[in-house]
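Undergrad: What follows is query-v5.pdb, made up of PDB, C-alpha atoms and all ligand atoms:
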```pdb
ATOM      1  CA  MET A 266      35.378   8.350  -2.328
ATOM      2  CA  SER A 267      37.247   5.469  -0.643
ATOM      3  CA  GLU A 268      35.940   1.969  -1.265
ATOM      4  CA  LEU A 269      33.187   1.079   1.168
ATOM      5  CA  ALA A 270      32.797  -2.524   2.171
ATOM      6  CA  TRP A 271      29.683  -4.628   2.128
ATOM      7  CA  GLN A 272      29.245  -8.379   1.911
ATOM      8  CA  GLU A 273      26.902  -9.949  -0.601
ATOM      9  CA  SER A 274      24.386 -12.452   0.756
ATOM     10  CA  LEU A 275      25.371 -16.104   0.539
ATOM     11  CA  PHE A 276      21.904 -16.873  -0.780
ATOM     12  CA  GLY A 277      22.201 -14.766  -3.960
ATOM     13  CA  ALA A 278      19.494 -12.762  -5.736
ATOM     14  CA  PRO A 279      16.101 -14.282  -6.572
ATOM     15  CA  ASP A 280      16.042 -15.734 -10.068
ATOM     16  CA  ARG A 281      13.879 -13.242 -11.978
ATOM     17  CA  PRO A 282      14.355 -10.801 -14.865
ATOM     18  CA  ARG A 283      15.870  -7.381 -14.154
ATOM     19  CA  LEU A 284      13.380  -4.659 -13.001
ATOM     20  CA  SER A 285      10.483  -7.115 -13.187
ATOM     21  CA  PHE A 286       7.455  -6.898 -10.889
ATOM     22  CA  GLN A 287       7.037 -10.657 -10.834
ATOM     23  CA  GLY A 288       6.854 -11.717  -7.198
ATOM     24  CA  LEU A 289       5.703  -8.257  -5.998
ATOM     25  CA  ARG A 290       4.138  -8.449  -2.530
ATOM     26  CA  HIS A 291       1.430  -5.865  -1.753
ATOM     27  CA  GLU A 292       1.295  -5.557   2.044
ATOM     28  CA  PRO A 293      -1.360  -3.265   3.588
ATOM     29  CA  LEU A 294      -0.386  -1.459   6.804
ATOM     30  CA  ASP A 295      -4.043  -0.653   7.416
ATOM     31  CA  GLU A 296      -7.055   0.147   5.249
ATOM     32  CA  ARG A 297      -5.470   3.381   3.880
ATOM     33  CA  SER A 298      -1.724   2.713   3.767
ATOM     34  CA  TRP A 299       0.348   0.051   2.076
ATOM     35  CA  ILE A 300       3.804  -1.197   1.169
ATOM     36  CA  ASP A 301       4.879  -2.966  -2.034
ATOM     37  CA  VAL A 302       8.018  -5.096  -1.906
ATOM     38  CA  VAL A 303       9.979  -6.654  -4.756
ATOM     39  CA  GLU A 304      13.014  -8.555  -3.544
ATOM     40  CA  GLY A 305      16.070  -8.437  -5.809
ATOM     41  CA  TRP A 306      14.462  -5.931  -8.183
ATOM     42  CA  VAL A 307      17.952  -4.826  -9.328
ATOM     43  CA  PRO A 308      19.902  -8.092  -9.605
ATOM     44  CA  ASP A 309      23.126  -6.263 -10.644
ATOM     45  CA  HIS A 310      22.887  -4.026  -7.580
ATOM     46  CA  GLY A 311      26.636  -4.326  -6.883
ATOM     47  CA  ASP A 312      27.509  -2.584 -10.149
ATOM     48  CA  LEU A 313      25.038   0.216  -9.457
ATOM     49  CA  PHE A 314      26.394   0.621  -5.916
ATOM     50  CA  ASP A 315      29.948   0.957  -7.285
ATOM     51  CA  GLU A 316      28.904   3.417  -9.993
ATOM     52  CA  LEU A 317      27.038   5.661  -7.546
ATOM     53  CA  GLU A 318      29.758   5.464  -4.910
ATOM     54  CA  ARG A 319      32.183   6.731  -7.558
ATOM     55  CA  ASP A 320      30.059   9.273  -9.453
ATOM     56  CA  ALA A 321      27.090  10.535  -7.431
ATOM     57  CA  PRO A 322      27.230  14.157  -6.177
ATOM     58  CA  TRP A 323      27.712  13.236  -2.498
ATOM     59  CA  ALA A 324      27.323  15.913   0.137
ATOM     60  CA  GLN A 325      27.346  16.025   3.903
ATOM     61  CA  ARG A 326      24.290  17.977   4.996
ATOM     62  CA  THR A 327      23.648  19.617   8.348
ATOM     63  CA  ARG A 328      20.455  19.772  10.372
ATOM     64  CA  THR A 329      19.528  22.420  12.928
ATOM     65  CA  MET A 330      18.612  20.827  16.252
ATOM     66  CA  TRP A 331      17.956  22.913  19.341
ATOM     67  CA  ASP A 332      19.680  25.930  17.708
ATOM     68  CA  LYS A 333      22.782  23.912  16.831
ATOM     69  CA  ASP A 334      23.924  22.730  13.405
ATOM     70  CA  VAL A 335      24.652  19.001  13.522
ATOM     71  CA  LEU A 336      25.963  16.749  10.765
ATOM     72  CA  GLU A 337      23.339  14.462   9.259
ATOM     73  CA  PRO A 338      24.568  10.908   9.938
ATOM     74  CA  ARG A 339      24.681   9.801   6.290
ATOM     75  CA  LEU A 340      25.776  11.264   2.960
ATOM     76  CA  VAL A 341      23.135  12.404   0.478
ATOM     77  CA  ALA A 342      23.390  12.905  -3.297
ATOM     78  CA  VAL A 343      20.726  15.202  -4.715
ATOM     79  CA  TYR A 344      20.234  15.302  -8.472
ATOM     80  CA  PRO A 345      19.175  18.824  -9.483
ATOM     81  CA  SER A 346      16.576  17.446 -11.920
ATOM     82  CA  VAL A 347      15.692  14.095 -13.419
ATOM     83  CA  ALA A 348      17.258  15.330 -16.680
ATOM     84  CA  ALA A 349      20.597  15.133 -14.825
ATOM     85  CA  LEU A 350      20.229  11.455 -13.875
ATOM     86  CA  PRO A 351      22.789   8.997 -15.234
ATOM     87  CA  PRO A 352      21.296   6.339 -17.577
ATOM     88  CA  SER A 353      21.382   3.694 -14.812
ATOM     89  CA  LEU A 354      19.061   5.765 -12.549
ATOM     90  CA  GLU A 355      16.941   7.070 -15.419
ATOM     91  CA  GLN A 356      16.119   3.485 -16.312
ATOM     92  CA  LEU A 357      14.863   2.747 -12.770
ATOM     93  CA  ARG A 358      12.890   6.009 -12.753
ATOM     94  CA  SER A 359      11.176   5.373 -16.080
ATOM     95  CA  VAL A 360      10.246   1.761 -15.262
ATOM     96  CA  LEU A 361       8.720   2.822 -11.910
ATOM     97  CA  SER A 362       6.950   5.850 -13.455
ATOM     98  CA  ALA A 363       5.332   3.641 -16.086
ATOM     99  CA  ARG A 364       4.312   0.871 -13.679
ATOM    100  CA  TYR A 365       2.814   3.198 -11.048
ATOM    101  CA  GLU A 366       1.524   5.801 -13.531
ATOM    102  CA  VAL A 367       3.262   8.679 -11.830
ATOM    103  CA  ASP A 368       5.669  11.391 -12.968
ATOM    104  CA  LEU A 369       8.688  10.737 -10.738
ATOM    105  CA  ASP A 370      10.461  14.085 -10.794
ATOM    106  CA  SER A 371      12.951  13.839  -7.949
ATOM    107  CA  CYS A 372      15.788  11.490  -7.067
ATOM    108  CA  LEU A 373      17.946  11.482  -3.930
ATOM    109  CA  VAL A 374      20.461   8.818  -3.015
ATOM    110  CA  ASN A 375      21.423   8.203   0.617
ATOM    111  CA  LEU A 376      24.633   6.512   1.722
ATOM    112  CA  TYR A 377      24.778   4.844   5.128
ATOM    113  CA  ARG A 378      28.542   4.349   5.396
ATOM    114  CA  ASP A 379      28.306   1.978   8.348
ATOM    115  CA  GLY A 380      26.032   1.126  11.267
ATOM    116  CA  HIS A 381      26.505   4.570  12.846
ATOM    117  CA  ASP A 382      24.701   6.224   9.933
ATOM    118  CA  ALA A 383      20.924   6.321  10.243
ATOM    119  CA  VAL A 384      17.765   8.316   9.683
ATOM    120  CA  ALA A 385      15.372   9.050  12.549
ATOM    121  CA  TRP A 386      11.612   8.419  12.602
ATOM    122  CA  HIS A 387       9.879  10.696  10.101
ATOM    123  CA  GLY A 388       7.227  10.975   7.400
ATOM    124  CA  ASP A 389       8.483  12.397   4.110
ATOM    125  CA  THR A 390       7.741  16.104   3.559
ATOM    126  CA  VAL A 391       6.064  15.299   0.236
ATOM    127  CA  ARG A 392       2.974  14.719   2.424
ATOM    128  CA  LYS A 393       2.605  18.502   2.698
ATOM    129  CA  ARG A 394       1.815  18.683  -1.016
ATOM    130  CA  LEU A 395       0.106  15.397  -1.805
ATOM    131  CA  GLU A 396      -2.809  13.430  -0.329
ATOM    132  CA  LEU A 397      -1.530  10.071  -1.557
ATOM    133  CA  PRO A 398       2.203  10.288  -2.236
ATOM    134  CA  LEU A 399       4.187   7.316  -3.461
ATOM    135  CA  VAL A 400       7.780   7.019  -2.228
ATOM    136  CA  PHE A 401      10.075   4.532  -3.955
ATOM    137  CA  THR A 402      13.264   3.174  -2.363
ATOM    138  CA  VAL A 403      15.741   0.865  -4.058
ATOM    139  CA  SER A 404      18.259  -0.501  -1.552
ATOM    140  CA  LEU A 405      21.801  -1.371  -2.597
ATOM    141  CA  GLY A 406      24.606  -2.945  -0.617
ATOM    142  CA  SER A 407      24.284  -4.242   2.927
ATOM    143  CA  ARG A 408      20.949  -4.969   4.507
ATOM    144  CA  ARG A 409      19.684  -2.564   7.177
ATOM    145  CA  GLN A 410      16.493  -2.466   9.190
ATOM    146  CA  PHE A 411      13.666  -0.329   7.770
ATOM    147  CA  LEU A 412      10.927   0.020  10.386
ATOM    148  CA  LEU A 413       7.416   1.508  10.420
ATOM    149  CA  ARG A 414       5.140   2.574  13.242
ATOM    150  CA  ARG A 415       2.045   4.748  13.523
ATOM    151  CA  VAL A 416       2.628   8.522  13.541
ATOM    152  CA  GLN A 417       1.013   8.791  16.994
ATOM    153  CA  GLY A 418       3.773   6.569  18.434
ATOM    154  CA  GLY A 419       3.628   3.071  19.857
ATOM    155  CA  PRO A 420       5.546  -0.054  18.897
ATOM    156  CA  VAL A 421       7.140  -0.946  15.591
ATOM    157  CA  VAL A 422       4.383  -2.510  13.506
ATOM    158  CA  ARG A 423       6.302  -3.555  10.404
ATOM    159  CA  GLY A 424       9.985  -4.253   9.755
ATOM    160  CA  TYR A 425      11.979  -5.032   6.621
ATOM    161  CA  THR A 426      15.708  -5.561   6.069
ATOM    162  CA  PRO A 427      16.158  -4.224   2.531
ATOM    163  CA  GLY A 428      19.467  -4.345   0.666
ATOM    164  CA  GLU A 429      20.950  -6.019  -2.423
ATOM    165  CA  GLY A 430      18.587  -4.516  -5.004
ATOM    166  CA  ASP A 431      15.265  -4.764  -3.131
ATOM    167  CA  LEU A 432      12.480  -2.297  -3.976
ATOM    168  CA  ILE A 433      10.133  -0.897  -1.328
ATOM    169  CA  VAL A 434       7.219   1.377  -2.289
ATOM    170  CA  MET A 435       5.291   3.269   0.388
ATOM    171  CA  GLY A 436       1.812   4.212  -0.785
ATOM    172  CA  GLY A 437      -1.632   5.390   0.212
ATOM    173  CA  ARG A 438      -1.556   7.445   3.444
ATOM    174  CA  THR A 439       1.769   6.021   4.684
ATOM    175  CA  GLN A 440       3.588   9.408   4.751
ATOM    176  CA  HIS A 441       0.683  11.026   6.666
ATOM    177  CA  GLU A 442      -0.311   8.319   9.120
ATOM    178  CA  TRP A 443       2.892   6.299   9.593
ATOM    179  CA  VAL A 444       6.565   7.128  10.209
ATOM    180  CA  HIS A 445       9.631   5.176   9.160
ATOM    181  CA  THR A 446      13.282   4.931  10.205
ATOM    182  CA  VAL A 447      16.579   3.262   9.359
ATOM    183  CA  PRO A 448      17.973   2.958  12.909
ATOM    184  CA  ARG A 449      21.613   2.785  13.985
ATOM    185  CA  ASP A 450      22.816  -0.801  13.997
ATOM    186  CA  LYS A 451      26.073  -1.856  15.625
ATOM    187  CA  ARG A 452      25.883  -5.184  13.798
ATOM    188  CA  ALA A 453      25.549  -3.687  10.280
ATOM    189  CA  SER A 454      27.930  -5.557   8.018
ATOM    190  CA  GLY A 455      28.853  -2.633   5.740
ATOM    191  CA  ALA A 456      27.593   0.251   3.655
ATOM    192  CA  ARG A 457      24.046   0.582   2.290
ATOM    193  CA  MET A 458      22.625   2.994  -0.275
ATOM    194  CA  SER A 459      19.005   3.896  -0.817
ATOM    195  CA  VAL A 460      17.992   5.359  -4.161
ATOM    196  CA  THR A 461      14.743   7.256  -3.586
ATOM    197  CA  PHE A 462      12.265   8.611  -6.133
ATOM    198  CA  ARG A 463       9.366  10.966  -5.400
ATOM    199  CA  HIS A 464       6.775  12.949  -7.359
ATOM    200  CA  SER A 465       5.242  16.414  -7.003
ATOM    201  CA  THR A 466       2.031  15.979  -8.982
ATOM    202  CA  PRO A 467      -0.708  13.473  -8.158
ATOM    203  CA  VAL A 468      -0.581   9.875  -9.345
ATOM    204  CA  GLY A 469      -2.086   9.361 -12.800
ATOM    205  CA  ARG A 470      -0.482  12.413 -14.451
ATOM    206  CA  VAL A 471       2.351  10.772 -16.394
TER     207      VAL A 471
HETATM  208  O1  LIG B 501      17.184   4.862   3.389
HETATM  209  C1  LIG B 501      16.010   4.540   3.458
HETATM  210  O2  LIG B 501      15.598   3.427   3.193
HETATM  211  C2  LIG B 501      15.002   5.558   3.938
HETATM  212  C3  LIG B 501      15.366   6.963   3.567
HETATM  213  C4  LIG B 501      14.347   7.937   4.041
HETATM  214  O3  LIG B 501      13.408   7.612   4.712
HETATM  215  C5  LIG B 501      14.491   9.343   3.665
HETATM  216  O4  LIG B 501      15.544   9.728   3.154
HETATM  217  O5  LIG B 501      13.514  10.101   3.871
END
```
Translate this structure into C-alpha cells?

TA:
Amino acid sequence: MSELAWQESLFGAPDRPRLSFQGLRHEPLDERSWIDVVEGWVPDHGDLFDELERDAPWAQRTRTMWDKDVLEPRLVAVYPSVAALPPSLEQLRSVLSARYEVDLDSCLVNLYRDGHDAVAWHGDTVRKRLELPLVFTVSLGSRRQFLLRRVQGGPVVRGYTPGEGDLIVMGGRTQHEWVHTVPRDKRASGARMSVTFRHSTPVGRV
C-alpha cells in the first residue's frame, strides 16, 4: 500500500509506561453505559501504524444500500482468528483481555485514508449476542472525531478526538442504548487507523 500521511501532534505522547492503565478516565454516559479512555496507551503508535499499513490483510468491502452495492468508505482488515494476529496486536489483545477479564476473540482494523473515509452512526452488532458487550478501540495516526448520541436520536452527547495511540473502551449498555460515528471531516490532517477488539462470550470468562 502507498505511504499514507499523518502528522504527529506537536505536544507528544503523555509520559507513561507502554500499555499502562495509569491515568485511565472512567466516564459514564448514563447510569448503564460508560466509556473508558486512556490517552497515549500505545506510545509507539507510529511504528504500529506503519507495520499494519504494510502487512494487514486490507480489503475494500461493499455494503448494500437501497438494493445497490456501494463501497464502504474505509478499508478494513479482518483477522480470521486471534491465533492469526501478529505479535504486536496479540500483545494489545492479551493486555486488554487480562485487565477487563474478557476473552477477546475478534480483531478488525479500520483504515480511514483521509477525511472522506468515515463510518455512519451505528451500534455494534455484538449487541445481538451480548447484554453487556465491551468494545475496545485503539486509535493510531491522525486524530478524528468519535461521537456518541442516544440510539433514539437527538444531539451529540459526547465527543472524543482519538488518535496517536489512545484507547477507548465502550462498556455497559453502550452498544444497545447509544450509537457512535466517525464522521467525514474535510479538515482531517491525514490517515487514521482503529484497531478494534470484541468478544463473543460474556465478560468474566477468560
Ligand atoms: O474507527 C472507530 O473508531 C470506530 C469503528 C467502528 O465503530 C466500527 O468499526 O464499528

Undergrad: Hey, can you check how far CA of Arg378 (chain A) sits from CA of Asp320 (chain A)?

TA: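 Interatomic distance, CA of Arg378 (chain A) to CA of Asp320 (chain A): 15.7 Å.
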
Undergrad: Once the PyMOL selection byres (((chain A and resi 287) around 12) and not hetatm) has been applied to the shown file, what residues remain in the selection, as a VMD selection string?

TA: chain A and resid 279 to 286 288 to 291 301 to 306

Undergrad: Would you kindly translate the PyMOL selection byres (((chain A and resi 322) around 9) and not hetatm) into the concrete residues it picks from this file, as a CSV table (one decimal) with C-alpha atoms, in the frame of the given file?

TA:
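Contents of expr07.csv, as written:
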```csv
chain,number,residue,atom,x,y,z
A,317,LEU,CA,27.0,5.7,-7.5
A,320,ASP,CA,30.1,9.3,-9.5
A,321,ALA,CA,27.1,10.5,-7.4
A,323,TRP,CA,27.7,13.2,-2.5
A,324,ALA,CA,27.3,15.9,0.1
A,341,VAL,CA,23.1,12.4,0.5
A,342,ALA,CA,23.4,12.9,-3.3
A,343,VAL,CA,20.7,15.2,-4.7
A,344,TYR,CA,20.2,15.3,-8.5
```

Undergrad: Which residues of chain A come within 9 Å of ligand LIG 501 (chain B), and what is each one's closest atom pair and distance in Å (one decimal), counting all atoms listed in the file, sorted by chain and residue number, as a Markdown table?

TA:
```
| residue | atom | partner | partner_atom | distance |
| --- | --- | --- | --- | --- |
| A:Val341 | CA | B:LIG501 | O4 | 8.5 |
| A:Leu373 | CA | B:LIG501 | O4 | 7.7 |
| A:Val374 | CA | B:LIG501 | O4 | 7.9 |
| A:Asn375 | CA | B:LIG501 | O1 | 6.1 |
| A:Leu376 | CA | B:LIG501 | O1 | 7.8 |
| A:Tyr377 | CA | B:LIG501 | O1 | 7.8 |
| A:Ala383 | CA | B:LIG501 | O1 | 7.9 |
| A:Val384 | CA | B:LIG501 | C4 | 6.6 |
| A:Ala385 | CA | B:LIG501 | O3 | 8.2 |
| A:Trp386 | CA | B:LIG501 | O3 | 8.1 |
| A:His387 | CA | B:LIG501 | O3 | 7.1 |
| A:Gly388 | CA | B:LIG501 | O5 | 7.3 |
| A:Asp389 | CA | B:LIG501 | O5 | 5.5 |
| A:Thr390 | CA | B:LIG501 | O5 | 8.3 |
| A:Val400 | CA | B:LIG501 | O5 | 8.9 |
| A:Thr402 | CA | B:LIG501 | O2 | 6.0 |
| A:Val403 | CA | B:LIG501 | O2 | 7.7 |
| A:Ser404 | CA | B:LIG501 | O2 | 6.7 |
| A:Arg409 | CA | B:LIG501 | O2 | 8.3 |
| A:Gln410 | CA | B:LIG501 | O2 | 8.5 |
| A:Phe411 | CA | B:LIG501 | O2 | 6.2 |
| A:Pro427 | CA | B:LIG501 | O2 | 7.7 |
| A:Ile433 | CA | B:LIG501 | O2 | 8.3 |
| A:Val444 | CA | B:LIG501 | O3 | 8.8 |
| A:His445 | CA | B:LIG501 | O3 | 6.3 |
| A:Thr446 | CA | B:LIG501 | O3 | 6.1 |
| A:Val447 | CA | B:LIG501 | C1 | 6.1 |
| A:Arg457 | CA | B:LIG501 | O1 | 8.2 |
| A:Met458 | CA | B:LIG501 | O1 | 6.8 |
| A:Ser459 | CA | B:LIG501 | O1 | 4.7 |
| A:Val460 | CA | B:LIG501 | O1 | 7.6 |
| A:Thr461 | CA | B:LIG501 | C3 | 7.2 |
```

Undergrad: Counting all atoms listed in the file, which residue out of A:Ser353, A:Ser346, A:Ser362, A:Gln325 sits closest to Asp309 (chain A)?

TA: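 Closest to Asp309 (chain A) of all the choices is A:Ser353.
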
Undergrad: List the residues matched by the PyMOL selection byres (((chain A and resi 295) around 10) and not hetatm) in the displayed structure as a short mmCIF file (atom, residue, chain, number, x, y, z; two decimals) with C-alpha atoms, keeping the file's coordinate frame, ordered by chain and then by residue number.

TA:
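Resulting contents of result.cif:
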```cif
data_model
loop_
_atom_site.label_atom_id
_atom_site.label_comp_id
_atom_site.auth_asym_id
_atom_site.auth_seq_id
_atom_site.Cartn_x
_atom_site.Cartn_y
_atom_site.Cartn_z
CA GLU A 292 1.30 -5.56 2.04
CA PRO A 293 -1.36 -3.26 3.59
CA LEU A 294 -0.39 -1.46 6.80
CA GLU A 296 -7.06 0.15 5.25
CA ARG A 297 -5.47 3.38 3.88
CA SER A 298 -1.72 2.71 3.77
CA TRP A 299 0.35 0.05 2.08
CA GLY A 437 -1.63 5.39 0.21
CA ARG A 438 -1.56 7.44 3.44
CA THR A 439 1.77 6.02 4.68
CA GLU A 442 -0.31 8.32 9.12
#
```

Undergrad: For the atom pair CA of Glu316 (chain A) and CA of Ala270 (chain A), what is the interatomic distance in Å to one decimal place?

TA: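 So the answer is 14.1 Å.
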
Undergrad: Which one is closest to Gly430 (chain A): A:Val391, A:Ala453, A:Leu357, A:Ala349? Count all atoms listed in the file.

TA: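 When distances to Gly430 (chain A) are compared using all atoms listed in the file, the smallest one comes from A:Leu357.
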
Undergrad: Here is a test: counting all atoms listed in the file, which residue of A:His381, A:Arg364, A:Arg423, A:Lys451 is nearest to Val468 (chain A)?

TA: A:Arg364

Undergrad: Need to verify the contact set: Gly418 (chain A), 10 Å, only C-alpha atoms, exclusion of same-chain residues closer than 2 positions in sequence. Can you return it as a PyMOL selection string?

TA: chain A and resi 386+414-416+420-421+443-444

Undergrad: Produce the centre coordinates and the three edge lengths, each in Å to one decimal, of the box along x, y and z that contains all listed atoms of region 401-415 of chain A with 4 Å added on each side, as lines of an AutoDock Vina configuration file.

TA:
```
center_x = 13.3
center_y = -0.1
center_z = 4.7
size_x = 30.6
size_y = 17.7
size_z = 25.6
```

Undergrad: Grab the CA of Arg449 (chain A) to CA of Leu313 (chain A) distance for me, in Å with one decimal place.

TA: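 So the two atoms, CA of Arg449 (chain A) and CA of Leu313 (chain A), lie 23.8 Å apart.
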
Undergrad: Find the residues around Ser371 (chain A) up to 6 Å (only C-alpha atoms counted), leave out those fewer than 2 positions away in its own chain, and share them as a PDB file with C-alpha atoms, keeping the file's coordinate frame.

TA:
```
ATOM      1  CA  LEU A 369       8.688  10.737 -10.738  1.00  0.00           C
ATOM      2  CA  PHE A 462      12.265   8.611  -6.133  1.00  0.00           C
ATOM      3  CA  ARG A 463       9.366  10.966  -5.400  1.00  0.00           C
TER       4      ARG A 463
END
```

Undergrad: Calculated over all atoms listed in the file, which of the candidates A:Val347, A:Leu269, A:Met435, A:Ile300 has the smallest distance to Pro398 (chain A)?

TA: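 Using all atoms listed in the file, Pro398 (chain A) sits closest to A:Met435.
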
Undergrad: Name the residues in contact with Leu336 (chain A) at a cut-off of 7 Å, using all atoms listed in the file, excluding same-chain residues fewer than 2 positions from it; report them as a list in words.

TA: Arg326, Thr327, Arg328, Asp334 and Pro338 of chain A

Undergrad: Nearest to Glu396 (chain A): which of A:Asp370, A:Ser465, A:Gln417, A:Ala456 is it, counting all atoms listed in the file?

TA: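 Of A:Asp370, A:Ser465, A:Gln417, A:Ala456, the one nearest Glu396 (chain A) is A:Ser465, counting all atoms listed in the file.
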
Undergrad: Considering all atoms listed in the file, state which residue in the set A:Cys372, A:Ala348, A:Leu405, A:Val367 is at the smallest distance from Glu429 (chain A).

TA: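 Nearest candidate to Glu429 (chain A) out of A:Cys372, A:Ala348, A:Leu405, A:Val367: A:Leu405.
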